[in-house]
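The structure under discussion appears below in the form of structure tokens.
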Amino acid sequence: MMRGLGGIIYKEFIQITRNPATLVITLLIPIIQLIIFGYAIDTEVRNVRTQVLDLDNTPQSREFLNRFRATGLYDIRGYVASASELESAIVSGQASVGIQIPSGYGRELSGKRPAEILVLIDGSNNTIASQTMSTAQTLGIRMSIEQLSGSSPERSLLIDVRPRFLFNPALRSANFFVPGLVGVILFLVTMLLTSFAIVSEKELGTMEQLAVSPVSRGGLMLGKILPYLLLGMIQMNVVLFFAQFIFKVEIAGSLPLLELLALVFVFSSLGLGLIISTIAKTQLQAMLMSFMILLPSILLSGFIFPRESMPLPIYWISALLPVTYFVEILRGVILRSAGMEALWDEALILTCMGLLLLAIATVRFRKTVG
């Protein structure tokens, strides 16, 4: 039964060494991913984007904000002039927390009278929302105790921190995960399908026919993309339907806007799949390369872990992933009812990515057939 076993093993090792691309993907990529994800995956929330409306502008209000900074949880990135601007900053995704200090805050503290602080929290990310709420309330209690040192213990808290969730007030985890999951599923299927598009032509032996056909390279690339583009849009609508039907995640914003931005995202995903297809020699290589991109897209895009807590080099790596911007679009439209004025920068980045990826795939195809 074991006759010839040694020869077969020797033959397989020879084939492996003659295919260096697969060998590199198999051995080197896991090491790189271990290093990146080891630094990136951190459940501790830090550097939450925060905007401030300081209507008091006194030493006491500045001291309060300094104490917020010192926690390491709040990253105060700017000041706004009105309550509407503060709320708009959270709706647009520029901030996850808004701190509103009322006029007369310093005067009330000086007179040992209670002063209220309003903390607006984006509840669409329940992990960040829970921690920012508890930290803000704990900080208010601690500062009140310091202010009341030596006073009667029956006195009420001087600094009354009032958190208010703008979205997802019940902090349902489905409202956080399901919109991001829509983007990840869409990215997975569309990229995988197109990553096999040219590789399958090579394996079937029809690549030479395409090379000598009168179809231009650009026409060929678009011809490969457009059917999958339609398929991707159908798939997104199916997933959105089940997200509403099963998980009760309602779309608060504009569905036509979401469809338009999803079209841009699918275009960039398909372009990335085409680049993989022009590089890979076999469908196995194409699948391995696709999963090499998929895993970072899940872990680094903000789908599970907040990007603000990641080290800066890994944060910039996450900025190269199309899913990063589409997850923000999905949560913006579905949960925060954000419009194009809030999401135009994500839409612009995805459009540029799609055009660039298609251009690279076109150039790579010329090299492949040459």
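Residue numbers start at 1 in each chain; chains themselves are named A, B, ... in the order of the structure tokens; ligands are numbered from 1 in the order shown.
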Near segment 90-98 of chain A, counting only C-alpha atoms, which residues have an atom at most 10 Å away, once you skip same-chain residues fewer than 5 positions from it, shown as a count of residues only?
-> 47
For Thr194 of chain A, which of A:Ile14, A:Leu270, A:Ile360, A:Met353 is the closest residue, counting only C-alpha atoms?
->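 Of A:Ile14, A:Leu270, A:Ile360, A:Met353, the one nearest Thr194 of chain A is A:Leu270, counting only C-alpha atoms.
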Compare A:Ile141, A:Ile276, A:Ile317, A:Ile334 by their minimum atom-to-atom distance to Ile198 of chain A, counting only C-alpha atoms, and give me the closest one.
-> A:Ile276
Selected residue, from A:Ile185, A:Ala70, A:Ala319, A:Leu295, that lies nearest to Leu34 of chain A when counting only C-alpha atoms = A:Leu295
Can you list, as a ChimeraX atom specification, all residues belonging to segment 157-259 of chain A that DSSP tags as helix (DSSP H, G or I)?
-> /A:173-195,197-204,207-212,217-247,255-259
Near Ser173 of chain A, within 9 Å and counting only C-alpha atoms, which residues show up once chain neighbours fewer than 3 positions away are dropped, as a ChimeraX atom specification?
-> /A:124-127,176-178
All strand (DSSP E or B) residues (DSSP, backbone) inside segment 96-304 of chain A, as a PyMOL selection string = chain A and resi 97-101+115-121+159-165
With only C-alpha atoms as the basis for distance, which of A:Lys224, A:Glu203, A:Pro296, A:Gly183 is at the shortest distance from Val327 of chain A?
->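 Of A:Lys224, A:Glu203, A:Pro296, A:Gly183, the one nearest Val327 of chain A is A:Gly183, counting only C-alpha atoms.
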Looking at A:Asn47, A:Gln60, A:Thr362, A:Ser297, which one is nearest to Ser277 of chain A, with distances taken over only C-alpha atoms?
->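 Checking each of A:Asn47, A:Gln60, A:Thr362, A:Ser297 against Ser277 of chain A, counting only C-alpha atoms, the winner is A:Thr362.
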From A:Leu260, A:Glu44, A:Leu255, A:Leu181, residue lying nearest Met310 of chain A [only C-alpha atoms] |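 Of A:Leu260, A:Glu44, A:Leu255, A:Leu181, the one nearest Met310 of chain A is A:Glu44, counting only C-alpha atoms.
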Please provide the set of residues having any atom within 10 Å of Leu320 of chain A, restricted to only C-alpha atoms, with same-chain residues fewer than 4 positions apart removed, written as a list of chain:residue names.
->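 Listing them by chain and then by number gives A:Ser297, A:Ser301, A:Tyr315, A:Trp316, A:Thr324, A:Tyr325, A:Ile349, A:Met353.
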Using only N, CA and C atoms, please write the residues we just selected to a file, as a CSV table (one decimal), in the first residue's frame.
```csv
chain,number,residue,atom,x,y,z
A,297,SER,N,-9.0,43.6,6.3
A,297,SER,CA,-10.2,44.4,6.1
A,297,SER,C,-11.2,44.2,7.2
A,301,SER,N,-10.6,47.7,9.8
A,301,SER,CA,-11.4,48.7,9.1
A,301,SER,C,-12.3,49.5,10.1
A,315,TYR,N,-2.9,52.5,11.8
A,315,TYR,CA,-4.0,53.3,11.4
A,315,TYR,C,-3.9,53.8,10.0
A,316,TRP,N,-2.7,54.1,9.5
A,316,TRP,CA,-2.5,54.5,8.1
A,316,TRP,C,-2.7,53.3,7.1
A,324,THR,N,-12.8,50.3,5.0
A,324,THR,CA,-12.8,51.3,6.1
A,324,THR,C,-13.8,52.4,5.8
A,325,TYR,N,-13.8,52.9,4.6
A,325,TYR,CA,-14.7,54.0,4.3
A,325,TYR,C,-16.1,53.6,4.1
A,349,ILE,N,-12.9,59.4,-1.8
A,349,ILE,CA,-11.8,58.5,-1.6
A,349,ILE,C,-12.1,57.2,-2.3
A,353,MET,N,-10.0,55.5,-5.4
A,353,MET,CA,-9.5,54.2,-5.3
A,353,MET,C,-10.0,53.3,-6.5
```
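Coordinates place atom CA of Leu350 of chain A at a distance of 6.5 Å from atom CA of Ser268 of chain A.
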